[in-house]
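Trainee: I am sharing upload_36.cif, which consists of mmCIF, C-alpha atoms:
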```
data_protein
loop_
_atom_site.label_atom_id
_atom_site.label_comp_id
_atom_site.auth_asym_id
_atom_site.auth_seq_id
_atom_site.Cartn_x
_atom_site.Cartn_y
_atom_site.Cartn_z
CA GLN Z 48 -40.86 17.77 74.87
CA VAL Z 49 -40.64 17.91 71.08
CA GLN Z 50 -38.09 20.41 69.81
CA LEU Z 51 -37.19 21.37 66.26
CA VAL Z 52 -34.24 23.71 65.70
CA GLU Z 53 -33.37 24.96 62.22
CA SER Z 54 -29.93 26.17 61.20
CA GLY Z 55 -27.99 26.97 58.06
CA GLY Z 56 -29.82 30.06 56.90
CA GLY Z 57 -28.02 33.10 55.59
CA VAL Z 58 -27.42 35.38 52.64
CA VAL Z 59 -26.57 33.83 49.27
CA GLN Z 60 -26.30 35.15 45.73
CA PRO Z 61 -28.74 34.11 43.01
CA GLY Z 62 -27.68 30.79 41.56
CA GLY Z 63 -25.99 29.77 44.78
CA SER Z 64 -26.64 26.88 47.16
CA LEU Z 65 -27.47 26.48 50.82
CA ARG Z 66 -28.29 23.53 53.06
CA LEU Z 67 -30.73 23.90 55.92
CA SER Z 68 -30.71 21.53 58.87
CA CYS Z 69 -33.42 20.80 61.41
CA ALA Z 70 -32.20 19.11 64.58
CA THR Z 71 -34.95 17.29 66.41
CA SER Z 72 -35.34 15.94 69.94
CA GLY Z 73 -37.98 14.73 72.37
CA TYR Z 74 -39.49 12.00 70.21
CA ILE Z 75 -38.58 9.02 68.03
CA PHE Z 76 -37.41 10.75 64.84
CA SER Z 77 -37.78 7.72 62.58
CA ASN Z 78 -41.48 7.36 63.42
CA TYR Z 79 -42.70 10.64 61.92
CA ALA Z 80 -42.83 12.29 58.52
CA MET Z 81 -41.55 15.84 58.16
CA HIS Z 82 -42.20 18.93 56.05
CA TRP Z 83 -40.46 22.16 55.10
CA VAL Z 84 -42.72 25.21 54.91
CA ARG Z 85 -41.58 28.71 53.98
CA GLN Z 86 -42.90 32.23 54.37
CA ALA Z 87 -41.62 35.13 52.31
CA PRO Z 88 -41.47 38.49 54.14
CA GLY Z 89 -45.01 39.78 54.66
CA LYS Z 90 -46.53 36.89 52.72
CA GLY Z 91 -48.47 33.73 53.48
CA LEU Z 92 -47.34 30.19 54.16
CA GLU Z 93 -46.03 28.08 51.28
CA TRP Z 94 -45.52 24.32 51.60
CA VAL Z 95 -42.12 23.35 50.14
CA ALA Z 96 -41.34 19.67 50.63
CA PHE Z 97 -42.34 16.46 52.43
CA ILE Z 98 -40.45 13.33 53.39
CA SER Z 99 -41.97 10.16 54.79
CA TYR Z 100 -40.99 8.72 58.18
CA ASP Z 101 -38.48 6.33 56.57
CA GLY Z 102 -37.27 8.61 53.78
CA SER Z 103 -38.68 6.42 51.05
CA ILE Z 104 -41.17 9.00 49.74
CA ASP Z 105 -40.63 12.68 49.02
CA ARG Z 106 -42.78 15.37 47.44
CA TYR Z 107 -42.03 18.92 46.31
CA ALA Z 108 -43.86 22.11 45.44
CA ASP Z 109 -43.63 22.87 41.72
CA SER Z 110 -41.79 26.10 42.58
CA VAL Z 111 -38.79 24.16 43.96
CA LYS Z 112 -38.94 20.84 42.11
CA GLY Z 113 -35.61 19.95 40.56
CA ARG Z 114 -33.74 22.53 42.67
CA PHE Z 115 -34.42 21.49 46.27
CA THR Z 116 -33.87 18.10 47.89
CA ILE Z 117 -35.30 17.01 51.22
CA SER Z 118 -33.54 14.28 53.18
CA ARG Z 119 -33.22 12.88 56.69
CA ASP Z 120 -30.58 11.17 58.81
CA SER Z 121 -32.02 8.99 61.55
CA SER Z 122 -28.61 8.48 63.15
CA LYS Z 123 -28.48 12.25 63.80
CA ASN Z 124 -32.24 12.86 64.26
CA THR Z 125 -31.90 15.59 61.67
CA LEU Z 126 -33.88 16.76 58.65
CA TYR Z 127 -32.22 18.58 55.75
CA LEU Z 128 -33.16 20.79 52.83
CA GLN Z 129 -30.54 21.15 50.12
CA MET Z 130 -31.32 24.23 48.07
CA ASN Z 131 -29.56 24.71 44.72
CA SER Z 132 -29.95 27.27 41.92
CA LEU Z 133 -31.45 29.72 44.39
CA LYS Z 134 -33.59 32.56 43.10
CA VAL Z 135 -34.49 35.91 44.62
CA GLU Z 136 -38.04 34.60 45.10
CA ASP Z 137 -36.72 31.84 47.41
CA THR Z 138 -36.06 34.51 50.04
CA ALA Z 139 -38.12 33.46 53.07
CA MET Z 140 -38.21 32.10 56.58
CA TYR Z 141 -37.98 28.33 56.30
CA TYR Z 142 -39.70 26.21 58.94
CA CYS Z 143 -39.33 22.50 59.51
CA THR Z 144 -42.41 20.80 60.85
CA ARG Z 145 -43.21 17.39 62.29
CA GLU Z 146 -46.43 15.72 61.28
CA ARG Z 147 -49.32 14.67 63.36
CA ARG Z 148 -50.55 11.43 61.75
CA GLY Z 149 -52.11 12.44 58.47
CA PHE Z 150 -49.60 14.99 57.18
CA TYR Z 151 -50.71 17.77 59.56
CA SER Z 152 -47.88 20.01 60.83
CA GLU Z 153 -48.20 19.61 64.59
CA TYR Z 154 -44.81 20.92 65.70
CA TRP Z 155 -42.89 23.81 64.15
CA GLY Z 156 -39.36 25.06 64.54
CA GLN Z 157 -38.56 28.74 65.01
CA GLY Z 158 -37.39 29.06 61.44
CA ALA Z 159 -34.22 29.82 59.47
CA LEU Z 160 -34.04 32.95 57.35
CA VAL Z 161 -32.74 32.56 53.81
CA THR Z 162 -32.01 35.72 51.82
CA VAL Z 163 -31.14 35.45 48.14
CA SER Z 164 -29.68 38.72 46.94
CA SER Z 165 -26.85 40.02 44.82
CA ASP Y 204 -53.52 23.11 39.20
CA PHE Y 205 -54.88 22.41 42.67
CA GLN Y 206 -55.85 25.55 44.63
CA MET Y 207 -57.10 26.47 48.07
CA THR Y 208 -59.08 29.68 48.47
CA GLN Y 209 -60.21 31.45 51.64
CA SER Y 210 -62.80 34.09 52.34
CA PRO Y 211 -62.85 36.73 53.49
CA ALA Y 212 -59.26 37.92 53.04
CA SER Y 213 -59.65 39.94 56.22
CA LEU Y 214 -62.28 40.73 58.81
CA SER Y 215 -62.73 42.97 61.80
CA ALA Y 216 -65.07 41.95 64.62
CA SER Y 217 -65.84 42.88 68.19
CA VAL Y 218 -64.81 40.92 71.26
CA GLY Y 219 -67.42 38.25 71.88
CA ASP Y 220 -68.57 38.08 68.26
CA ARG Y 221 -68.96 34.82 66.37
CA VAL Y 222 -66.48 34.68 63.48
CA THR Y 223 -66.58 32.35 60.49
CA ILE Y 224 -63.86 31.78 57.91
CA THR Y 225 -64.40 29.70 54.80
CA CYS Y 226 -61.89 27.58 52.89
CA ARG Y 227 -62.55 25.96 49.53
CA ALA Y 228 -60.51 23.30 47.72
CA SER Y 229 -60.50 23.15 43.93
CA GLN Y 230 -60.89 19.35 44.15
CA GLY Y 231 -62.36 17.14 46.83
CA ILE Y 232 -60.03 16.32 49.71
CA THR Y 233 -62.45 14.33 51.91
CA ASN Y 234 -61.84 15.64 55.45
CA SER Y 235 -58.05 16.03 55.11
CA LEU Y 236 -57.88 19.69 56.07
CA ALA Y 237 -55.98 21.58 58.74
CA TRP Y 238 -56.40 25.07 60.17
CA TYR Y 239 -53.45 27.03 61.56
CA GLN Y 240 -53.24 30.25 63.52
CA GLN Y 241 -50.30 32.62 63.14
CA ARG Y 242 -50.22 35.46 65.63
CA PRO Y 243 -48.14 38.54 64.73
CA GLY Y 244 -44.44 37.71 64.81
CA LYS Y 245 -45.05 34.12 65.90
CA VAL Y 246 -44.70 30.64 64.48
CA PRO Y 247 -47.87 29.05 63.05
CA LYS Y 248 -49.84 26.80 65.39
CA LEU Y 249 -52.06 23.85 64.50
CA LEU Y 250 -55.66 24.49 65.62
CA ILE Y 251 -57.79 21.92 63.82
CA TYR Y 252 -56.90 18.71 61.98
CA ALA Y 253 -59.06 16.30 59.98
CA ALA Y 254 -61.41 19.23 59.32
CA SER Y 255 -63.10 19.13 62.72
CA SER Y 256 -60.75 17.66 65.35
CA LEU Y 257 -59.50 20.14 67.93
CA GLN Y 258 -55.76 19.99 68.55
CA SER Y 259 -54.81 19.40 72.18
CA GLY Y 260 -54.59 22.63 74.18
CA VAL Y 261 -56.63 24.71 71.75
CA PRO Y 262 -59.57 26.56 73.33
CA SER Y 263 -62.98 25.06 72.68
CA ARG Y 264 -64.25 28.32 71.15
CA PHE Y 265 -62.50 27.15 67.98
CA SER Y 266 -64.30 24.62 65.81
CA GLY Y 267 -64.06 23.28 62.29
CA SER Y 268 -66.49 21.65 59.91
CA GLY Y 269 -66.82 20.55 56.33
CA SER Y 270 -65.86 17.80 53.94
CA GLY Y 271 -65.06 17.44 50.26
CA THR Y 272 -64.39 20.93 48.95
CA ASP Y 273 -65.96 23.33 51.47
CA PHE Y 274 -64.72 23.91 55.00
CA THR Y 275 -65.35 26.36 57.81
CA LEU Y 276 -63.42 27.58 60.84
CA THR Y 277 -65.57 29.17 63.53
CA ILE Y 278 -64.53 31.18 66.57
CA SER Y 279 -67.62 31.18 68.79
CA SER Y 280 -66.65 34.18 70.89
CA LEU Y 281 -63.75 36.26 69.59
CA GLN Y 282 -61.07 37.13 72.15
CA PRO Y 283 -58.26 39.73 71.91
CA GLU Y 284 -55.65 36.95 71.75
CA ASP Y 285 -57.32 35.59 68.59
CA VAL Y 286 -55.92 38.45 66.51
CA ALA Y 287 -53.97 36.50 63.90
CA ILE Y 288 -53.89 35.21 60.36
CA TYR Y 289 -55.65 31.90 59.86
CA TYR Y 290 -54.59 29.46 57.15
CA CYS Y 291 -56.20 26.29 55.87
CA GLN Y 292 -54.11 23.51 54.32
CA ARG Y 293 -54.82 20.50 52.18
CA CYS Y 294 -53.46 17.38 53.89
CA ASN Y 295 -54.57 14.38 51.85
CA THR Y 296 -51.70 14.27 49.38
CA GLY Y 297 -49.00 16.44 47.86
CA PRO Y 298 -48.78 19.26 47.09
CA PHE Y 299 -49.88 20.15 50.62
CA THR Y 300 -51.18 23.53 49.53
CA PHE Y 301 -52.00 26.31 51.98
CA GLY Y 302 -54.79 28.80 51.50
CA PRO Y 303 -53.85 32.50 51.19
CA GLY Y 304 -54.88 33.27 54.76
CA THR Y 305 -57.56 35.31 56.52
CA ALA Y 306 -56.48 38.16 58.77
CA VAL Y 307 -58.66 38.63 61.86
CA ASP Y 308 -58.51 41.71 64.04
CA ILE Y 309 -60.58 43.42 66.71
CA LYS Y 310 -62.95 46.24 65.85
#
```
Could you take the file, read its structure, and then write that structure out as C-alpha cells?
Mentor:
Amino acid sequence: QVQLVESGGGVVQPGGSLRLSCATSGYIFSNYAMHWVRQAPGKGLEWVAFISYDGSIDRYADSVKGRFTISRDSSKNTLYLQMNSLKVEDTAMYYCTRERRGFYSEYWGQGALVTVSS
Amino acid sequence: DFQMTQSPASLSASVGDRVTITCRASQGITNSLAWYQQRPGKVPKLLIYAASSLQSGVPSRFSGSGSGTDFTLTISSLQPEDVAIYYCQRCNTGPFTFGPGTAVDIK
C-alpha cells in the first residue's frame, strides 16, 4: 500500500533553515508527481510546491517562492522541501502528497510540524 | 491574482439532509477541480477529482458537478461521519490554490 512519511520538522528561529523529507513506499516513486501542502494551526490548507514525476518541472506558491526548494531523489524514493529564510508565518503542519493523474492529491502523509519562533 | 472562493463558510444541517457547497474560481479551470474532506484532527482526504469523478472508496452520497468557474459538492443525505471541513482545489496548473473551506456540522 502507498505510504508517505514526513520527517525533519521542528522548532527553528526566524531566518533559519530546515529540510523536510518525505519517504515513500508502495508504488513506483519516479512515475508520480508530488506536492507539499501546509496548514497553519486552526487555518485552512495552503498549497506550497509541486514537482513533476521526473523532477524537471517545479512550481511554488508566491508566499514561499525564492525561499523554499522542492526536490526528489528517485534512488531513495524520497521527496524533500528545503526551507530557508523562515518566517513566523511559515509555522504549520507540512504534508507531502502524491498525485492522482492530473495534479490531484490522492495520498497524504501524516504531516511534519514546523514551528518558527524566537 | 487567481482565487478560489467557497460558500457558505459554514453550515449546520440535520442527519439525512441534502447539503450543497459551492466553489468558484476567479478564472476558468475547465473541469480540473478537486474536493477534499478533512475531519477534525485528521489528514485531508480526496473525495472528488476532475470536478465530478468519485474517488475510489468514497460513499456514493457524495457527488460533484460544474465546469469553468462554478462548481458544486453535494452530500445527498448527511451522515454524522460527514462532520468535517470541505475544501476545493484548482488542479489545472500552478498555483494549485485551495478554497478557504466550508465547515459542515450536524444540527
Trainee: Starting from the PyMOL selection byres ((chain Z and resi 112) around 12), expand the selection into actual residues of this file and give them as a PDB file with C-alpha atoms, keeping the file's coordinate frame.
Mentor:
```pdb
ATOM      1  CA  VAL Z  95     -42.120  23.350  50.140  1.00  0.00           C
ATOM      2  CA  ALA Z  96     -41.340  19.670  50.630  1.00  0.00           C
ATOM      3  CA  PHE Z  97     -42.340  16.460  52.430  1.00  0.00           C
ATOM      4  CA  ASP Z 105     -40.630  12.680  49.020  1.00  0.00           C
ATOM      5  CA  ARG Z 106     -42.780  15.370  47.440  1.00  0.00           C
ATOM      6  CA  TYR Z 107     -42.030  18.920  46.310  1.00  0.00           C
ATOM      7  CA  ALA Z 108     -43.860  22.110  45.440  1.00  0.00           C
ATOM      8  CA  ASP Z 109     -43.630  22.870  41.720  1.00  0.00           C
ATOM      9  CA  SER Z 110     -41.790  26.100  42.580  1.00  0.00           C
ATOM     10  CA  VAL Z 111     -38.790  24.160  43.960  1.00  0.00           C
ATOM     11  CA  GLY Z 113     -35.610  19.950  40.560  1.00  0.00           C
ATOM     12  CA  ARG Z 114     -33.740  22.530  42.670  1.00  0.00           C
ATOM     13  CA  PHE Z 115     -34.420  21.490  46.270  1.00  0.00           C
ATOM     14  CA  THR Z 116     -33.870  18.100  47.890  1.00  0.00           C
ATOM     15  CA  ILE Z 117     -35.300  17.010  51.220  1.00  0.00           C
ATOM     16  CA  GLN Z 129     -30.540  21.150  50.120  1.00  0.00           C
ATOM     17  CA  MET Z 130     -31.320  24.230  48.070  1.00  0.00           C
ATOM     18  CA  ASN Z 131     -29.560  24.710  44.720  1.00  0.00           C
ATOM     19  CA  SER Z 132     -29.950  27.270  41.920  1.00  0.00           C
ATOM     20  CA  LEU Z 133     -31.450  29.720  44.390  1.00  0.00           C
TER      21      LEU Z 133
ATOM     22  CA  PRO Y 298     -48.780  19.260  47.090  1.00  0.00           C
TER      23      PRO Y 298
END
```
Trainee: Between Z:Ser164, Z:Gln86, Z:Ser72, Z:Thr125, single out the one closest to chain Y, counting all atoms listed in the file.
Mentor: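 For chain Y, the nearest of the given residues is Z:Gln86.
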Trainee: Using all atoms listed in the file, which of Z:Ser122, Z:Thr144, Z:Thr138, Z:Gln60 sits nearest Ala80 (chain Z)?
Mentor: Z:Thr144
Trainee: To verify the selection step, state as JSON, numbers by chain which residues the PyMOL selection byres ((chain Z) within 9 of (chain Y)) yields on this input.
Mentor: {"Z": [90, 91, 92, 93, 94, 95, 96, 97, 106, 107, 108, 109, 142, 147, 149, 150, 151, 152, 153, 154, 155, 156, 157, 158]}
Trainee: Show which residues sit within 10 Å of Val59 (chain Z), as a ChimeraX atom specification. Count all atoms listed in the file, and ignore same-chain residues fewer than 4 positions away.
Mentor: /Z:63-65,133-135,138,161-165
Trainee: Suppose we keep C-alpha atoms; can you now write the selection as a compact mmCIF listing (two decimals), keeping the file's coordinate frame?
Mentor:
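Final file, again_26.txt:
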```txt
# COMPACT_ATOMS: atom_id res chain seq x y z
CA GLY Z 63 -25.99 29.77 44.78
CA SER Z 64 -26.64 26.88 47.16
CA LEU Z 65 -27.47 26.48 50.82
CA LEU Z 133 -31.45 29.72 44.39
CA LYS Z 134 -33.59 32.56 43.10
CA VAL Z 135 -34.49 35.91 44.62
CA THR Z 138 -36.06 34.51 50.04
CA VAL Z 161 -32.74 32.56 53.81
CA THR Z 162 -32.01 35.72 51.82
CA VAL Z 163 -31.14 35.45 48.14
CA SER Z 164 -29.68 38.72 46.94
CA SER Z 165 -26.85 40.02 44.82
```
Trainee: Evaluating the PyMOL selection byres ((chain Z and resi 52) around 7) on the displayed file yields which residues, as a PyMOL selection string?
Mentor: chain Z and resi 50-51+53-54+69-71+156-157
Trainee: Grab the CA of Ala159 (chain Z) to CA of Cys226 (chain Y) distance for me, in Å with one decimal place.
Mentor: 28.5 Å
Trainee: Keeping just N, CA and C atoms, export region 63-86 of chain Z of this structure as a compact mmCIF listing (two decimals), in the first residue's frame.
Mentor:
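What ended up in part-v6.txt:
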```txt
# COMPACT_ATOMS: atom_id res chain seq x y z
N GLY Z 63 16.00 31.15 10.01
CA GLY Z 63 16.69 29.87 9.97
C GLY Z 63 16.25 29.00 8.81
N SER Z 64 16.82 27.80 8.77
CA SER Z 64 16.54 26.83 7.70
C SER Z 64 16.15 25.49 8.27
N LEU Z 65 15.44 24.73 7.45
CA LEU Z 65 15.01 23.39 7.83
C LEU Z 65 14.80 22.61 6.54
N ARG Z 66 15.07 21.32 6.55
CA ARG Z 66 14.77 20.48 5.39
C ARG Z 66 13.82 19.38 5.81
N LEU Z 67 12.68 19.34 5.14
CA LEU Z 67 11.72 18.26 5.35
C LEU Z 67 11.98 17.14 4.35
N SER Z 68 11.76 15.91 4.80
CA SER Z 68 11.84 14.75 3.94
C SER Z 68 10.50 14.02 3.94
N CYS Z 69 10.22 13.35 2.84
CA CYS Z 69 9.02 12.53 2.74
C CYS Z 69 9.43 11.20 2.11
N ALA Z 70 9.53 10.18 2.95
CA ALA Z 70 9.91 8.85 2.47
C ALA Z 70 8.68 8.14 1.95
N THR Z 71 8.78 7.60 0.75
CA THR Z 71 7.63 6.96 0.13
C THR Z 71 7.87 5.47 -0.07
N SER Z 72 6.79 4.72 -0.15
CA SER Z 72 6.87 3.28 -0.42
C SER Z 72 5.53 2.81 -0.96
N GLY Z 73 5.56 1.62 -1.57
CA GLY Z 73 4.32 1.00 -2.03
C GLY Z 73 3.94 1.34 -3.47
N TYR Z 74 4.78 2.09 -4.15
CA TYR Z 74 4.50 2.41 -5.56
C TYR Z 74 5.81 2.82 -6.23
N ILE Z 75 5.76 3.00 -7.54
CA ILE Z 75 6.95 3.40 -8.29
C ILE Z 75 7.10 4.92 -8.19
N PHE Z 76 8.02 5.35 -7.34
CA PHE Z 76 8.19 6.77 -7.00
C PHE Z 76 8.37 7.63 -8.23
N SER Z 77 9.17 7.17 -9.18
CA SER Z 77 9.53 8.00 -10.33
C SER Z 77 8.40 8.15 -11.34
N ASN Z 78 7.25 7.53 -11.08
CA ASN Z 78 6.12 7.63 -12.01
C ASN Z 78 5.12 8.72 -11.65
N TYR Z 79 5.27 9.33 -10.47
CA TYR Z 79 4.23 10.23 -9.97
C TYR Z 79 4.81 11.57 -9.52
N ALA Z 80 4.06 12.64 -9.86
CA ALA Z 80 4.38 13.96 -9.34
C ALA Z 80 4.00 14.05 -7.86
N MET Z 81 4.56 15.05 -7.19
CA MET Z 81 4.34 15.21 -5.77
C MET Z 81 4.10 16.68 -5.43
N HIS Z 82 3.44 16.90 -4.31
CA HIS Z 82 3.19 18.25 -3.79
C HIS Z 82 3.59 18.33 -2.32
N TRP Z 83 3.83 19.54 -1.87
CA TRP Z 83 3.83 19.89 -0.44
C TRP Z 83 2.65 20.83 -0.21
N VAL Z 84 1.90 20.53 0.83
CA VAL Z 84 0.75 21.34 1.25
C VAL Z 84 0.92 21.62 2.73
N ARG Z 85 0.60 22.83 3.18
CA ARG Z 85 0.74 23.13 4.60
C ARG Z 85 -0.56 23.65 5.19
N GLN Z 86 -0.63 23.59 6.52
CA GLN Z 86 -1.81 24.04 7.24
C GLN Z 86 -1.37 24.68 8.54
```
